[in-house]
Amino acid sequence: MKDKVLSVLHFLMVVFLIAWNYLTNTGKVHEASVGEVSAKYYNLFTPASYAFAIWGLIFLGLLIMSIYLLYRSFKTELIKEISTAIPAILLAYVGIMAWLWFWLQQETLISVGIMILILISILRARMLMDQGLEKLNKQEVWLLVKPIELTAAWITVALAANITAHLKAISWDAWQLKEESWVILLIATLMLVNYFVLKKRNYILFPLVTVWALVAISYKHYGENQILFYVPIMASIGLVIMLIRQLKVKIS
């Protein structure tokens, strides 16, 4: 019974999350869209606008996951590790909805704090799922686990962008670093995060999502800023090499 309740609640939350995301992008909430607020705090780290289309893939994955959860819970039952992870996933969904609200209010510092909580919750859920991976077949891993991993990967990138937007909002220059230097520092940080989750946890979607973001950053600066065109490209190549080596180790 508990699995059924959690699955139904998860499905409803995903539907509400998608609807709320759509509403906040129409400009009907606080008379501004997410993109318009982002444009106000334009910075060199923010990827080209097409990169945010990944949310469509994320929401599709979460919706498919929610439907499969309903199917599994009503046909048989969920494995314990998946069931245990659902509350953390629901908390992350609430966090995303709260983030959208505060972002539209241009509360950039609160948005950073909420984004950190979202990342903690979604990573917690993914790590709980790790404990039951051997009980899932490949199809179930992609239906139940990978949508959460994809979300966690993008939230990691989004957190870096959110931090940069907040620093832009407060005109922070305490370290006297140029904005280009901040971008390079953030890219280096993302490289370290990806190295850790790939080597220690084998989360292969993290480098793929990060490469997606880095290429979009590079594309935005094409013909305008050589440093910020080449650095993300080089970092992307490094991540691809890192991923290939990890996959070879896993296969062998």
# chains A, B, ... in the order shown; residues from 1 in each chain; ligands from 1
call {"tool": "residues_around", "arguments": {"residues": "stretch 153-159 of chain A", "least_positions_apart": "4", "cutoff": "10 Å", "atoms": "only C-alpha atoms", "output": "PyMOL selection string"}}
result
chain A and resi 46-47+52+54-55+58+96+111-116+118-120+122-123+147-149+163-165+186-187+190+193-194+197+203-210+212-214
call {"tool": "write_last_selection", "arguments": {"atoms": "C-alpha atoms", "output": "PDB file, in the first residue's frame"}}
result
ATOM      1  CA  THR A  46      25.266  31.366 -18.694  1.00  0.00           C
ATOM      2  CA  PRO A  47      25.041  28.951 -21.668  1.00  0.00           C
ATOM      3  CA  PHE A  52      17.959  24.984 -21.428  1.00  0.00           C
ATOM      4  CA  ILE A  54      17.391  19.939 -21.714  1.00  0.00           C
ATOM      5  CA  TRP A  55      14.578  20.603 -19.240  1.00  0.00           C
ATOM      6  CA  ILE A  58      14.376  15.955 -17.948  1.00  0.00           C
ATOM      7  CA  ILE A  96      12.461  23.129  -7.905  1.00  0.00           C
ATOM      8  CA  SER A 111      17.564  30.811  -5.035  1.00  0.00           C
ATOM      9  CA  VAL A 112      21.161  29.661  -4.518  1.00  0.00           C
ATOM     10  CA  GLY A 113      20.268  28.213  -1.112  1.00  0.00           C
ATOM     11  CA  ILE A 114      17.253  26.376  -2.523  1.00  0.00           C
ATOM     12  CA  MET A 115      19.317  25.053  -5.424  1.00  0.00           C
ATOM     13  CA  ILE A 116      21.841  23.598  -2.967  1.00  0.00           C
ATOM     14  CA  ILE A 118      17.635  20.501  -4.404  1.00  0.00           C
ATOM     15  CA  LEU A 119      21.031  19.103  -5.335  1.00  0.00           C
ATOM     16  CA  ILE A 120      21.495  17.473  -1.927  1.00  0.00           C
ATOM     17  CA  ILE A 122      18.365  14.576  -5.667  1.00  0.00           C
ATOM     18  CA  LEU A 123      21.872  13.228  -5.084  1.00  0.00           C
ATOM     19  CA  PRO A 147      16.006  10.255 -14.975  1.00  0.00           C
ATOM     20  CA  ILE A 148      17.123  11.137 -11.443  1.00  0.00           C
ATOM     21  CA  GLU A 149      20.777  11.082 -12.461  1.00  0.00           C
ATOM     22  CA  ILE A 163      25.835  31.380  -8.087  1.00  0.00           C
ATOM     23  CA  THR A 164      27.237  33.423 -10.958  1.00  0.00           C
ATOM     24  CA  ALA A 165      23.919  35.237 -11.408  1.00  0.00           C
ATOM     25  CA  LEU A 186      33.576  27.374 -12.252  1.00  0.00           C
ATOM     26  CA  ILE A 187      34.459  25.175 -15.219  1.00  0.00           C
ATOM     27  CA  LEU A 190      32.640  21.262 -12.564  1.00  0.00           C
ATOM     28  CA  VAL A 193      32.837  17.269  -9.536  1.00  0.00           C
ATOM     29  CA  ASN A 194      32.485  15.205 -12.701  1.00  0.00           C
ATOM     30  CA  VAL A 197      30.972  11.224  -9.519  1.00  0.00           C
ATOM     31  CA  TYR A 203      27.337   8.421 -12.962  1.00  0.00           C
ATOM     32  CA  ILE A 204      27.908   8.557 -16.716  1.00  0.00           C
ATOM     33  CA  LEU A 205      25.231  11.167 -17.429  1.00  0.00           C
ATOM     34  CA  PHE A 206      27.082  13.840 -15.438  1.00  0.00           C
ATOM     35  CA  PRO A 207      29.891  14.391 -17.979  1.00  0.00           C
ATOM     36  CA  LEU A 208      27.450  14.185 -20.889  1.00  0.00           C
ATOM     37  CA  VAL A 209      25.239  16.894 -19.397  1.00  0.00           C
ATOM     38  CA  THR A 210      28.243  19.024 -18.464  1.00  0.00           C
ATOM     39  CA  TRP A 212      26.190  19.870 -23.281  1.00  0.00           C
ATOM     40  CA  ALA A 213      26.406  22.974 -21.081  1.00  0.00           C
ATOM     41  CA  LEU A 214      30.057  23.716 -21.852  1.00  0.00           C
TER      42      LEU A 214
END
call {"tool": "select_by_dssp", "arguments": {"residues": "stretch 17-227 of chain A", "states": "alpha helix (DSSP H)", "output": "MDAnalysis selection string"}}
result
chainID A and resid 17:24 34:40 54:75 80:104 108:130 138:140 146:169 179:201 205:220 226:227
call {"tool": "closest_atom_pairs", "arguments": {"of": "stretch 156-219 of chain A", "to": "stretch 38-45 of chain A", "cutoff": "9 Å", "atoms": "only C-alpha atoms", "output": "CSV"}}
result
residue,atom,partner,partner_atom,distance
A:Ala160,CA,A:Phe45,CA,8.4
A:Ala161,CA,A:Phe45,CA,6.4
A:Thr164,CA,A:Phe45,CA,7.1
A:Ala165,CA,A:Tyr41,CA,5.5
A:His166,CA,A:Tyr41,CA,7.9
A:Lys168,CA,A:Tyr41,CA,6.2
A:Ala169,CA,A:Tyr41,CA,6.2
A:Glu179,CA,A:Leu44,CA,6.9
A:Glu180,CA,A:Leu44,CA,7.0
A:Trp182,CA,A:Phe45,CA,8.3
A:Val183,CA,A:Phe45,CA,5.5
A:Ile184,CA,A:Phe45,CA,8.8
A:Leu186,CA,A:Phe45,CA,8.3
A:Ile187,CA,A:Phe45,CA,8.8
A:Ile217,CA,A:Phe45,CA,6.5
call {"tool": "atom_distance", "arguments": {"atom1": "atom CA of A:Ile227", "atom2": "atom CA of A:Ser181"}}
result
9.9 Å
call {"tool": "closest_residue", "arguments": {"among": "A:Met65, A:Leu192, A:Leu239, A:Ala53", "to": "A:Val211", "atoms": "only C-alpha atoms"}}
result
A:Leu239
call {"tool": "residues_around", "arguments": {"residues": "A:Gly238", "least_positions_apart": "5", "cutoff": "9 Å", "atoms": "only C-alpha atoms", "output": "PyMOL selection string"}}
result
chain A and resi 191+233+243
call {"tool": "write_last_selection", "arguments": {"atoms": "all heavy atoms", "output": "PDB file, in the first residue's frame"}}
result
ATOM      1  N   MET A 191      34.643  20.288 -13.518  1.00  0.00           N
ATOM      2  CA  MET A 191      35.513  19.179 -13.937  1.00  0.00           C
ATOM      3  C   MET A 191      35.831  18.274 -12.751  1.00  0.00           C
ATOM      4  O   MET A 191      35.774  17.040 -12.856  1.00  0.00           O
ATOM      5  CB  MET A 191      36.805  19.725 -14.530  1.00  0.00           C
ATOM      6  CG  MET A 191      36.643  20.441 -15.852  1.00  0.00           C
ATOM      7  SD  MET A 191      36.432  19.318 -17.251  1.00  0.00           S
ATOM      8  CE  MET A 191      38.087  18.658 -17.419  1.00  0.00           C
ATOM      9  N   ILE A 233      35.573  24.270 -24.663  1.00  0.00           N
ATOM     10  CA  ILE A 233      35.785  23.205 -25.644  1.00  0.00           C
ATOM     11  C   ILE A 233      36.845  22.222 -25.143  1.00  0.00           C
ATOM     12  O   ILE A 233      36.686  20.996 -25.206  1.00  0.00           O
ATOM     13  CB  ILE A 233      36.198  23.783 -27.013  1.00  0.00           C
ATOM     14  CG1 ILE A 233      35.019  24.516 -27.663  1.00  0.00           C
ATOM     15  CG2 ILE A 233      36.712  22.678 -27.931  1.00  0.00           C
ATOM     16  CD1 ILE A 233      33.855  23.618 -28.020  1.00  0.00           C
ATOM     17  N   LEU A 243      35.242  10.079 -19.720  1.00  0.00           N
ATOM     18  CA  LEU A 243      34.093   9.178 -19.825  1.00  0.00           C
ATOM     19  C   LEU A 243      34.450   7.915 -20.588  1.00  0.00           C
ATOM     20  O   LEU A 243      34.096   6.801 -20.170  1.00  0.00           O
ATOM     21  CB  LEU A 243      32.932   9.896 -20.508  1.00  0.00           C
ATOM     22  CG  LEU A 243      31.670   9.060 -20.764  1.00  0.00           C
ATOM     23  CD1 LEU A 243      31.108   8.508 -19.457  1.00  0.00           C
ATOM     24  CD2 LEU A 243      30.626   9.892 -21.502  1.00  0.00           C
TER      25      LEU A 243
END
call {"tool": "closest_atom_pairs", "arguments": {"of": "stretch 7-106 of chain A", "to": "stretch 135-142 of chain A", "cutoff": "12 Å", "atoms": "only C-alpha atoms", "output": "JSON lines"}}
result
{"residue": "A:Gly61", "atom": "CA", "partner": "A:Trp142", "partner_atom": "CA", "distance": 9.1}
{"residue": "A:Leu62", "atom": "CA", "partner": "A:Trp142", "partner_atom": "CA", "distance": 10.9}
{"residue": "A:Ile64", "atom": "CA", "partner": "A:Trp142", "partner_atom": "CA", "distance": 10.1}
{"residue": "A:Met65", "atom": "CA", "partner": "A:Trp142", "partner_atom": "CA", "distance": 8.8}
{"residue": "A:Tyr68", "atom": "CA", "partner": "A:Glu140", "partner_atom": "CA", "distance": 8.8}
{"residue": "A:Leu69", "atom": "CA", "partner": "A:Glu140", "partner_atom": "CA", "distance": 10.0}
{"residue": "A:Tyr71", "atom": "CA", "partner": "A:Glu140", "partner_atom": "CA", "distance": 11.9}
{"residue": "A:Arg72", "atom": "CA", "partner": "A:Glu140", "partner_atom": "CA", "distance": 10.2}
{"residue": "A:Leu78", "atom": "CA", "partner": "A:Leu136", "partner_atom": "CA", "distance": 10.3}
{"residue": "A:Ile79", "atom": "CA", "partner": "A:Lys135", "partner_atom": "CA", "distance": 7.6}
{"residue": "A:Lys80", "atom": "CA", "partner": "A:Lys135", "partner_atom": "CA", "distance": 9.9}
{"residue": "A:Glu81", "atom": "CA", "partner": "A:Lys135", "partner_atom": "CA", "distance": 9.4}
{"residue": "A:Ile82", "atom": "CA", "partner": "A:Leu136", "partner_atom": "CA", "distance": 10.0}
call {"tool": "residues_around", "arguments": {"residues": "A:Leu128", "least_positions_apart": "3", "cutoff": "8 Å", "atoms": "only C-alpha atoms", "output": "ChimeraX atom specification"}}
result
/A:81-82,84-85,124-125,131-132
call {"tool": "closest_residue", "arguments": {"among": "A:Leu109, A:Ala188, A:Val5, A:Leu150", "to": "A:Phe59", "atoms": "only C-alpha atoms"}}
result
A:Leu150
call {"tool": "residues_around", "arguments": {"residues": "stretch 12-27 of chain A", "least_positions_apart": "2", "cutoff": "8 Å", "atoms": "only C-alpha atoms", "output": "VMD selection string"}}
result
chain A and resid 8 to 10 29 to 35 59 62 to 63 66 90 93 96 to 97 100 to 101 104
call {"tool": "closest_residue", "arguments": {"among": "A:Leu185, A:Met1, A:Val249, A:Ile244", "to": "A:Leu70", "atoms": "only C-alpha atoms"}}
result
A:Met1
call {"tool": "closest_residue", "arguments": {"among": "A:Gln226, A:Arg126, A:Lys199, A:Lys220", "to": "A:Ala92", "atoms": "only C-alpha atoms"}}
result
A:Arg126
call {"tool": "atom_distance", "arguments": {"atom1": "atom CA of A:Val231", "atom2": "atom CA of A:Phe196"}}
result
20.5 Å
call {"tool": "atom_distance", "arguments": {"atom1": "atom CA of A:Ala216", "atom2": "atom CA of A:Ala235"}}
result
12.4 Å
call {"tool": "decode", "arguments": {"residues": "stretch 186-222 of chain A", "atoms": "N, CA, C and O atoms", "output": "short mmCIF file (atom, residue, chain, number, x, y, z; two decimals), in the first residue's frame"}}
result
data_model
loop_
_atom_site.label_atom_id
_atom_site.label_comp_id
_atom_site.auth_asym_id
_atom_site.auth_seq_id
_atom_site.Cartn_x
_atom_site.Cartn_y
_atom_site.Cartn_z
N LEU A 186 34.77 28.21 -12.34
CA LEU A 186 33.58 27.37 -12.25
C LEU A 186 33.70 26.14 -13.15
O LEU A 186 33.27 25.04 -12.77
N ILE A 187 34.26 26.31 -14.32
CA ILE A 187 34.46 25.17 -15.22
C ILE A 187 35.40 24.16 -14.59
O ILE A 187 35.17 22.94 -14.64
N ALA A 188 36.48 24.66 -13.96
CA ALA A 188 37.42 23.76 -13.28
C ALA A 188 36.73 23.01 -12.14
O ALA A 188 36.96 21.82 -11.93
N THR A 189 35.85 23.71 -11.42
CA THR A 189 35.10 23.08 -10.32
C THR A 189 34.19 21.99 -10.85
O THR A 189 34.10 20.90 -10.27
N LEU A 190 33.51 22.27 -11.96
CA LEU A 190 32.64 21.26 -12.56
C LEU A 190 33.44 20.05 -13.03
O LEU A 190 32.96 18.91 -12.94
N MET A 191 34.64 20.29 -13.52
CA MET A 191 35.51 19.18 -13.94
C MET A 191 35.83 18.27 -12.75
O MET A 191 35.77 17.04 -12.86
N LEU A 192 36.13 18.88 -11.61
CA LEU A 192 36.45 18.09 -10.41
C LEU A 192 35.23 17.31 -9.93
O LEU A 192 35.35 16.14 -9.54
N VAL A 193 34.07 17.95 -9.95
CA VAL A 193 32.84 17.27 -9.54
C VAL A 193 32.57 16.08 -10.45
O VAL A 193 32.23 14.98 -9.98
N ASN A 194 32.72 16.28 -11.74
CA ASN A 194 32.49 15.20 -12.70
C ASN A 194 33.47 14.06 -12.51
O ASN A 194 33.10 12.89 -12.64
N TYR A 195 34.72 14.40 -12.24
CA TYR A 195 35.73 13.36 -12.01
C TYR A 195 35.32 12.49 -10.82
O TYR A 195 35.40 11.27 -10.87
N PHE A 196 34.86 13.14 -9.76
CA PHE A 196 34.49 12.40 -8.55
C PHE A 196 33.28 11.48 -8.80
O PHE A 196 33.33 10.29 -8.49
N VAL A 197 32.19 12.04 -9.35
CA VAL A 197 30.97 11.22 -9.52
C VAL A 197 31.16 10.14 -10.57
O VAL A 197 30.50 9.09 -10.52
N LEU A 198 32.06 10.39 -11.53
CA LEU A 198 32.29 9.37 -12.56
C LEU A 198 33.17 8.25 -12.03
O LEU A 198 32.87 7.06 -12.22
N LYS A 199 34.24 8.61 -11.34
CA LYS A 199 35.17 7.60 -10.83
C LYS A 199 34.62 6.86 -9.62
O LYS A 199 34.79 5.65 -9.49
N LYS A 200 33.99 7.59 -8.72
CA LYS A 200 33.53 6.99 -7.47
C LYS A 200 32.12 6.39 -7.54
O LYS A 200 31.83 5.41 -6.87
N ARG A 201 31.26 7.00 -8.38
CA ARG A 201 29.87 6.55 -8.42
C ARG A 201 29.44 6.02 -9.79
O ARG A 201 28.36 5.46 -9.92
N ASN A 202 30.27 6.24 -10.82
CA ASN A 202 29.97 5.77 -12.17
C ASN A 202 28.69 6.41 -12.73
O ASN A 202 27.91 5.76 -13.42
N TYR A 203 28.49 7.70 -12.45
CA TYR A 203 27.34 8.42 -12.96
C TYR A 203 27.70 8.98 -14.34
O TYR A 203 28.16 10.11 -14.48
N ILE A 204 27.44 8.21 -15.37
CA ILE A 204 27.91 8.56 -16.72
C ILE A 204 27.16 9.74 -17.33
O ILE A 204 27.68 10.37 -18.27
N LEU A 205 25.97 10.05 -16.84
CA LEU A 205 25.23 11.17 -17.43
C LEU A 205 25.80 12.52 -17.01
O LEU A 205 25.57 13.53 -17.69
N PHE A 206 26.52 12.58 -15.91
CA PHE A 206 27.08 13.84 -15.44
C PHE A 206 28.00 14.48 -16.48
O PHE A 206 27.82 15.65 -16.84
N PRO A 207 29.03 13.77 -16.97
CA PRO A 207 29.89 14.39 -17.98
C PRO A 207 29.17 14.72 -19.27
O PRO A 207 29.48 15.72 -19.92
N LEU A 208 28.20 13.91 -19.66
CA LEU A 208 27.45 14.19 -20.89
C LEU A 208 26.67 15.49 -20.77
O LEU A 208 26.66 16.32 -21.69
N VAL A 209 26.01 15.67 -19.63
CA VAL A 209 25.24 16.89 -19.40
C VAL A 209 26.17 18.10 -19.28
O VAL A 209 25.88 19.18 -19.82
N THR A 210 27.30 17.92 -18.61
CA THR A 210 28.24 19.02 -18.46
C THR A 210 28.82 19.43 -19.81
O THR A 210 28.99 20.63 -20.09
N VAL A 211 29.12 18.46 -20.65
CA VAL A 211 29.62 18.76 -22.01
C VAL A 211 28.56 19.55 -22.78
O VAL A 211 28.88 20.51 -23.48
N TRP A 212 27.31 19.14 -22.64
CA TRP A 212 26.19 19.87 -23.28
C TRP A 212 26.21 21.35 -22.87
O TRP A 212 26.09 22.25 -23.72
N ALA A 213 26.39 21.60 -21.58
CA ALA A 213 26.41 22.97 -21.08
C ALA A 213 27.65 23.73 -21.54
O ALA A 213 27.58 24.89 -21.96
N LEU A 214 28.80 23.06 -21.49
CA LEU A 214 30.06 23.72 -21.85
C LEU A 214 30.09 24.09 -23.34
O LEU A 214 30.58 25.16 -23.70
N VAL A 215 29.58 23.21 -24.17
CA VAL A 215 29.53 23.51 -25.61
C VAL A 215 28.62 24.72 -25.85
O VAL A 215 28.91 25.57 -26.70
N ALA A 216 27.53 24.79 -25.09
CA ALA A 216 26.61 25.93 -25.22
C ALA A 216 27.27 27.23 -24.76
O ALA A 216 27.03 28.30 -25.32
N ILE A 217 28.10 27.15 -23.72
CA ILE A 217 28.85 28.32 -23.26
C ILE A 217 29.84 28.75 -24.34
O ILE A 217 29.97 29.94 -24.66
N SER A 218 30.55 27.77 -24.90
CA SER A 218 31.52 28.06 -25.95
C SER A 218 30.84 28.68 -27.17
O SER A 218 31.32 29.67 -27.74
N TYR A 219 29.70 28.12 -27.55
CA TYR A 219 28.95 28.62 -28.71
C TYR A 219 28.54 30.07 -28.51
O TYR A 219 28.61 30.88 -29.45
N LYS A 220 28.14 30.40 -27.29
CA LYS A 220 27.70 31.78 -27.01
C LYS A 220 28.83 32.79 -27.21
O LYS A 220 28.59 33.94 -27.59
N HIS A 221 30.06 32.34 -26.98
CA HIS A 221 31.20 33.26 -27.06
C HIS A 221 31.95 33.17 -28.39
O HIS A 221 32.99 33.82 -28.54
N TYR A 222 31.43 32.38 -29.32
CA TYR A 222 32.10 32.22 -30.61
C TYR A 222 32.23 33.57 -31.32
O TYR A 222 31.27 34.32 -31.48
#
